[in-house]
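Chemist: Hey, dropping run_15.cif in here, mmCIF, C-alpha atoms:
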```cif
data_structure
loop_
_atom_site.label_atom_id
_atom_site.label_comp_id
_atom_site.auth_asym_id
_atom_site.auth_seq_id
_atom_site.Cartn_x
_atom_site.Cartn_y
_atom_site.Cartn_z
CA MET A 1373 0.00 0.00 0.00
CA ASP A 1374 1.48 3.36 -1.01
CA VAL A 1375 1.78 6.31 1.37
CA MET A 1376 -1.09 8.26 -0.20
CA THR A 1377 -3.51 5.34 0.05
CA GLN A 1378 -2.47 4.71 3.65
CA LEU A 1379 -2.94 8.38 4.62
CA GLN A 1380 -6.35 8.53 2.95
CA ARG A 1381 -7.40 5.35 4.74
CA GLN A 1382 -6.24 6.80 8.08
CA TRP A 1383 -8.18 10.00 7.38
CA ARG A 1384 -11.38 8.08 6.50
CA GLU A 1385 -11.06 5.83 9.55
CA HIS A 1386 -10.40 8.74 11.91
CA SER A 1387 -13.32 10.71 10.43
CA ALA A 1388 -15.60 7.71 10.91
CA TYR A 1389 -14.35 7.27 14.49
CA LEU A 1390 -15.15 10.92 15.34
CA ARG A 1391 -18.69 10.50 14.02
CA LYS A 1392 -19.22 7.08 15.62
CA GLU A 1393 -18.08 8.34 19.03
CA GLY A 1394 -20.32 11.40 18.78
CA TYR A 1395 -17.57 14.02 18.62
CA LEU A 1396 -18.89 15.28 15.27
CA ASP A 1397 -22.28 15.29 13.59
CA ASP A 1398 -23.68 16.01 10.12
CA GLN A 1399 -22.93 19.72 10.44
CA PHE A 1400 -19.20 18.98 10.20
CA GLU A 1401 -19.83 17.11 6.94
CA GLN A 1402 -21.76 20.11 5.63
CA LEU A 1403 -18.79 22.30 6.50
CA GLN A 1404 -16.47 19.92 4.64
CA LYS A 1405 -18.65 20.17 1.53
CA LEU A 1406 -17.90 23.91 1.41
CA GLN A 1407 -14.18 23.16 1.06
CA ASP A 1408 -12.75 22.94 -2.46
CA GLU A 1409 -9.53 23.41 -4.45
CA ASN A 1410 -9.85 27.19 -4.16
CA SER A 1411 -10.07 27.01 -0.37
CA PRO A 1412 -8.36 23.76 0.67
CA ASP A 1413 -7.96 24.93 4.29
CA PHE A 1414 -11.51 26.24 4.71
CA VAL A 1415 -12.57 23.79 7.43
CA ALA A 1416 -9.27 24.09 9.30
CA GLU A 1417 -9.58 27.89 9.23
CA VAL A 1418 -13.19 27.86 10.49
CA VAL A 1419 -12.29 25.37 13.23
CA SER A 1420 -9.23 27.44 14.17
CA ILE A 1421 -11.51 30.44 14.77
CA PHE A 1422 -13.75 28.14 16.82
CA PHE A 1423 -10.72 27.08 18.90
CA ASP A 1424 -9.70 30.70 19.55
CA ASP A 1425 -13.23 31.71 20.56
CA SER A 1426 -13.66 28.58 22.67
CA GLU A 1427 -10.54 29.27 24.72
CA LYS A 1428 -11.85 32.75 25.54
CA LEU A 1429 -15.34 31.49 26.37
CA LEU A 1430 -14.04 28.73 28.64
CA SER A 1431 -11.82 31.24 30.42
CA ASN A 1432 -14.74 33.68 30.84
CA MET A 1433 -16.98 30.92 32.18
CA ALA A 1434 -14.38 29.75 34.68
CA ARG A 1435 -13.74 33.32 35.88
CA ALA A 1436 -17.46 33.99 36.26
CA LEU A 1437 -17.93 30.80 38.28
CA GLU A 1438 -15.08 31.79 40.63
CA GLN A 1439 -16.84 34.98 41.78
CA LYS A 1440 -18.24 35.17 45.31
CA ALA A 1441 -21.63 36.10 43.90
CA VAL A 1442 -21.93 34.11 40.68
CA ASP A 1443 -23.89 35.86 37.93
CA PHE A 1444 -25.58 32.80 36.46
CA LYS A 1445 -27.10 34.86 33.64
CA GLN A 1446 -23.61 35.88 32.54
CA VAL A 1447 -22.33 32.30 32.76
CA ASP A 1448 -25.37 31.14 30.80
CA ALA A 1449 -24.72 33.77 28.10
CA HIS A 1450 -21.18 32.40 27.64
CA VAL A 1451 -22.44 28.80 27.60
CA HIS A 1452 -25.16 29.73 25.10
CA GLN A 1453 -22.57 31.30 22.80
CA PHE A 1454 -20.33 28.23 23.13
CA LYS A 1455 -23.28 25.95 22.36
CA GLY A 1456 -24.03 27.90 19.20
CA SER A 1457 -20.47 27.91 17.92
CA SER A 1458 -20.10 24.21 18.75
CA ALA A 1459 -23.28 23.39 16.86
CA SER A 1460 -22.13 25.43 13.86
CA ILE A 1461 -19.04 23.24 13.36
CA GLY A 1462 -20.77 19.98 14.32
CA ALA A 1463 -19.06 19.50 17.70
CA MET A 1464 -21.87 17.35 19.07
CA ARG A 1465 -20.41 16.24 22.41
CA VAL A 1466 -19.36 19.78 23.32
CA LYS A 1467 -22.80 21.08 22.30
CA ASN A 1468 -24.53 18.43 24.43
CA VAL A 1469 -22.51 19.36 27.52
CA CYS A 1470 -23.47 22.99 26.91
CA ILE A 1471 -27.15 22.02 26.91
CA GLU A 1472 -26.71 20.30 30.28
CA PHE A 1473 -24.66 23.24 31.59
CA ARG A 1474 -27.38 25.74 30.63
CA ASN A 1475 -29.94 23.78 32.65
CA TYR A 1476 -27.76 24.08 35.75
CA CYS A 1477 -27.21 27.79 35.10
CA GLU A 1478 -30.97 28.26 34.97
CA ALA A 1479 -31.32 26.34 38.26
CA GLN A 1480 -28.41 28.40 39.67
CA ASN A 1481 -26.76 25.18 40.83
CA LEU A 1482 -23.12 26.14 41.36
CA GLU A 1483 -21.89 22.64 42.22
CA GLU A 1484 -23.29 21.16 39.01
CA CYS A 1485 -22.10 24.16 36.98
CA LEU A 1486 -18.56 23.53 38.26
CA LYS A 1487 -18.86 19.87 37.22
CA CYS A 1488 -20.11 20.94 33.81
CA ILE A 1489 -17.25 23.36 33.20
CA ARG A 1490 -14.77 20.58 33.96
CA LYS A 1491 -16.65 18.23 31.63
CA LEU A 1492 -16.79 20.95 28.97
CA GLN A 1493 -13.05 21.63 29.28
CA TYR A 1494 -12.37 17.92 28.92
CA GLU A 1495 -14.66 17.40 25.90
CA TYR A 1496 -13.28 20.51 24.23
CA SER A 1497 -9.69 19.38 24.80
CA VAL A 1498 -10.36 15.92 23.37
CA LEU A 1499 -12.16 17.41 20.36
CA LYS A 1500 -9.34 19.86 19.71
CA ASN A 1501 -6.71 17.09 19.79
CA GLN A 1502 -8.80 14.84 17.54
CA LEU A 1503 -9.45 17.57 14.97
CA GLU A 1504 -5.82 18.69 14.97
CA TYR A 1505 -4.85 15.11 14.13
CA LEU A 1506 -7.45 15.00 11.33
CA PHE A 1507 -6.11 18.27 9.87
CA GLN A 1508 -2.55 16.95 10.15
CA LEU A 1509 -3.57 13.96 8.05
CA GLU A 1510 -5.17 16.29 5.48
CA GLN A 1511 -1.95 18.29 5.22
CA GLN A 1512 0.07 15.12 4.76
CA ILE A 1513 -2.30 13.96 2.02
CA ARG A 1514 -1.97 17.29 0.20
CA ALA A 1515 1.82 17.24 0.62
CA ALA A 1516 1.86 13.75 -0.92
CA GLY A 1517 0.00 15.10 -3.93
CA GLY A 1518 -3.59 14.27 -2.98
#
```
Reformat the file's structure so that it appears as structure tokens.
Modeler:
Amino acid sequence: MDVMTQLQRQWREHSAYLRKEGYLDDQFEQLQKLQDENSPDFVAEVVSIFFDDSEKLLSNMARALEQKAVDFKQVDAHVHQFKGSSASIGAMRVKNVCIEFRNYCEAQNLEECLKCIRKLQYEYSVLKNQLEYLFQLEQQIRAAGG
């Protein structure tokens, strides 16, 4: 098996794994369909913006939850924004944690909100690592002439 075929197989298998495990949904596929020869890095660029925004949102959420008097409406606004951006790239597991998180914000349950932020940080971190690997494979495929 040549290098190109092997890389393409790895990419397909990893893509399938991310969908099977619920990291990504159909929205990610829709995003991929917008990518073409004229914009070969389109998805990576969109996801890179998502990563930058996500880091800021997670930081803002954590800071808001550390306050003596937690403003749950403010936390919920950050979580709502994160849910929307996650949904727009097809980050299903992150989006689902956001849904749970918003319920605890509405109930003003600090203990559960703190659990959710940890879960959200974990799911986001895993997603970021998985997508970075997928984009690495794409770059290797292009470098090999694919």
Chemist: List the spatial neighbours of Cys1488 of chain A as a PyMOL selection string - criterion: any atom at most 8 Å away, all atoms listed in the file, same-chain residues fewer than 2 positions off excluded.
Modeler: chain A and resi 1469-1470+1472-1473+1484-1486+1490-1492
Chemist: With all atoms listed in the file as the atoms that count, which of A:Glu1483, A:Glu1495, A:Asp1398, A:Asp1448 lies nearest to Ile1471 of chain A?
Modeler: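 Looking only at the distances to Ile1471 of chain A, the closest residue turns out to be A:Asp1448.
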Chemist: Set up a box along x, y and z of the file covering all listed atoms of segment 1404-1420 of chain A, add 3 Å on every one of the six sides, and write the centre and edge lengths in Å to one decimal, as lines of an AutoDock Vina configuration file.
Modeler:
```
center_x = -13.3
center_y = 23.9
center_z = 4.9
size_x = 16.7
size_y = 14.0
size_z = 24.6
```
Chemist: Quote the spacing between atom CA of His1386 of chain A and atom CA of Gln1511 of chain A in Å to one decimal place.
Modeler: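 Going from atom CA of His1386 of chain A over to atom CA of Gln1511 of chain A covers 14.4 Å.
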Chemist: Counting all atoms listed in the file, figure out which residue out of A:Asp1425, A:Glu1409, A:Asp1374, A:Asp1443 gets nearest to Cys1477 of chain A.
Modeler: A:Asp1443
Chemist: Mind telling me what the PyMOL selection byres ((chain A and resi 1453) around 12) catches here, as a PyMOL selection string?
Modeler: chain A and resi 1422+1425-1426+1428-1430+1432-1433+1446-1452+1454-1460+1466-1467+1470-1471+1474
Chemist: Residues near Glu1393 of chain A, anyone? I mean within 12 Å using only C-alpha atoms, not counting same-chain ones fewer than 3 positions away, as a ChimeraX atom specification.
Modeler: /A:1386-1390,1396-1397,1463-1465,1495,1498-1499,1502
Chemist: What does the structure give for the distance between atom CA of Val1375 of chain A and atom CA of Asp1413 of chain A, in Å to one decimal?
Modeler: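 Calculated distance between atom CA of Val1375 of chain A and atom CA of Asp1413 of chain A is 21.2 Å.
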Chemist: To one decimal in Å, tell me the separation between atom CA of Arg1391 of chain A and atom CA of Tyr1476 of chain A.
Modeler: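 Here the two named atoms are 27.2 Å from each other.
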Chemist: Which of these, A:Phe1444, A:Gln1512, A:Ser1411, A:Gly1462, has the shortest distance to Gln1399 of chain A once you count only C-alpha atoms?
Modeler: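 Among A:Phe1444, A:Gln1512, A:Ser1411, A:Gly1462, it is A:Gly1462 that comes nearest to Gln1399 of chain A.
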Chemist: Name the closest residue to Trp1383 of chain A among the candidates A:Gly1517, A:Leu1503, A:Ile1421, A:Tyr1395; distances are taken between atoms, counting all atoms listed in the file.
Modeler: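 Of A:Gly1517, A:Leu1503, A:Ile1421, A:Tyr1395, the one nearest Trp1383 of chain A, counting all atoms listed in the file, is A:Leu1503.
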Chemist: I'd like the contact shell of Gln1380 of chain A - 9 Å cut-off, only C-alpha atoms, skipping same-chain residues fewer than 3 positions apart - returned as a list in words.
Modeler: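 After dropping sequence-adjacent residues, the list is Val1375, Met1376, Thr1377, Trp1383, Arg1384, Glu1385, Leu1509, Glu1510, Ile1513 and Gly1518 of chain A.
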Chemist: For C-alpha atoms, I'd like the residues from the last selection saved as a compact mmCIF listing (two decimals), in the coordinates of the input.
Modeler:
```
# COMPACT_ATOMS: atom_id res chain seq x y z
CA VAL A 1375 1.78 6.31 1.37
CA MET A 1376 -1.09 8.26 -0.20
CA THR A 1377 -3.51 5.34 0.05
CA TRP A 1383 -8.18 10.00 7.38
CA ARG A 1384 -11.38 8.08 6.50
CA GLU A 1385 -11.06 5.83 9.55
CA LEU A 1509 -3.57 13.96 8.05
CA GLU A 1510 -5.17 16.29 5.48
CA ILE A 1513 -2.30 13.96 2.02
CA GLY A 1518 -3.59 14.27 -2.98
```
Chemist: For the file shown, report as a ChimeraX atom specification the outcome of the PyMOL selection byres ((chain A and resi 1415) around 9) at residue level.
Modeler: /A:1400,1403-1404,1406-1407,1411-1414,1416-1420,1461,1507
Chemist: Kindly output segment 1490-1504 of chain A as a JSON list (two decimals), keeping the file's coordinate frame, after building N, CA, C and O atoms.
Modeler:
```json
[["chain", "number", "residue", "atom", "x", "y", "z"],
["A", 1490, "ARG", "N", -15.86, 21.56, 34.06],
["A", 1490, "ARG", "CA", -14.77, 20.58, 33.96],
["A", 1490, "ARG", "C", -15.03, 19.60, 32.82],
["A", 1490, "ARG", "O", -14.13, 19.27, 32.05],
["A", 1491, "LYS", "N", -16.28, 19.15, 32.71],
["A", 1491, "LYS", "CA", -16.65, 18.23, 31.63],
["A", 1491, "LYS", "C", -16.49, 18.92, 30.28],
["A", 1491, "LYS", "O", -15.99, 18.33, 29.32],
["A", 1492, "LEU", "N", -16.89, 20.18, 30.21],
["A", 1492, "LEU", "CA", -16.79, 20.95, 28.97],
["A", 1492, "LEU", "C", -15.33, 21.15, 28.58],
["A", 1492, "LEU", "O", -14.96, 20.99, 27.42],
["A", 1493, "GLN", "N", -14.49, 21.47, 29.55],
["A", 1493, "GLN", "CA", -13.05, 21.63, 29.28],
["A", 1493, "GLN", "C", -12.46, 20.33, 28.76],
["A", 1493, "GLN", "O", -11.66, 20.33, 27.82],
["A", 1494, "TYR", "N", -12.87, 19.23, 29.35],
["A", 1494, "TYR", "CA", -12.37, 17.92, 28.92],
["A", 1494, "TYR", "C", -12.83, 17.60, 27.49],
["A", 1494, "TYR", "O", -12.01, 17.25, 26.63],
["A", 1495, "GLU", "N", -14.13, 17.72, 27.24],
["A", 1495, "GLU", "CA", -14.66, 17.40, 25.90],
["A", 1495, "GLU", "C", -14.06, 18.31, 24.84],
["A", 1495, "GLU", "O", -13.74, 17.86, 23.74],
["A", 1496, "TYR", "N", -13.89, 19.57, 25.17],
["A", 1496, "TYR", "CA", -13.28, 20.51, 24.23],
["A", 1496, "TYR", "C", -11.84, 20.11, 23.93],
["A", 1496, "TYR", "O", -11.41, 20.09, 22.78],
["A", 1497, "SER", "N", -11.10, 19.77, 24.96],
["A", 1497, "SER", "CA", -9.69, 19.38, 24.80],
["A", 1497, "SER", "C", -9.56, 18.14, 23.92],
["A", 1497, "SER", "O", -8.70, 18.09, 23.02],
["A", 1498, "VAL", "N", -10.39, 17.15, 24.17],
["A", 1498, "VAL", "CA", -10.36, 15.92, 23.37],
["A", 1498, "VAL", "C", -10.70, 16.25, 21.91],
["A", 1498, "VAL", "O", -10.02, 15.82, 20.98],
["A", 1499, "LEU", "N", -11.76, 17.03, 21.71],
["A", 1499, "LEU", "CA", -12.16, 17.41, 20.36],
["A", 1499, "LEU", "C", -11.04, 18.14, 19.64],
["A", 1499, "LEU", "O", -10.73, 17.84, 18.49],
["A", 1500, "LYS", "N", -10.42, 19.08, 20.33],
["A", 1500, "LYS", "CA", -9.34, 19.86, 19.71],
["A", 1500, "LYS", "C", -8.19, 18.94, 19.28],
["A", 1500, "LYS", "O", -7.71, 19.03, 18.15],
["A", 1501, "ASN", "N", -7.79, 18.03, 20.14],
["A", 1501, "ASN", "CA", -6.71, 17.09, 19.79],
["A", 1501, "ASN", "C", -7.11, 16.21, 18.61],
["A", 1501, "ASN", "O", -6.30, 15.97, 17.70],
["A", 1502, "GLN", "N", -8.34, 15.72, 18.62],
["A", 1502, "GLN", "CA", -8.80, 14.84, 17.54],
["A", 1502, "GLN", "C", -8.86, 15.58, 16.20],
["A", 1502, "GLN", "O", -8.46, 15.04, 15.17],
["A", 1503, "LEU", "N", -9.37, 16.81, 16.22],
["A", 1503, "LEU", "CA", -9.45, 17.57, 14.97],
["A", 1503, "LEU", "C", -8.07, 18.00, 14.48],
["A", 1503, "LEU", "O", -7.82, 18.00, 13.27],
["A", 1504, "GLU", "N", -7.18, 18.34, 15.39],
["A", 1504, "GLU", "CA", -5.82, 18.69, 14.97],
["A", 1504, "GLU", "C", -5.16, 17.52, 14.28],
["A", 1504, "GLU", "O", -4.47, 17.69, 13.27]]
```
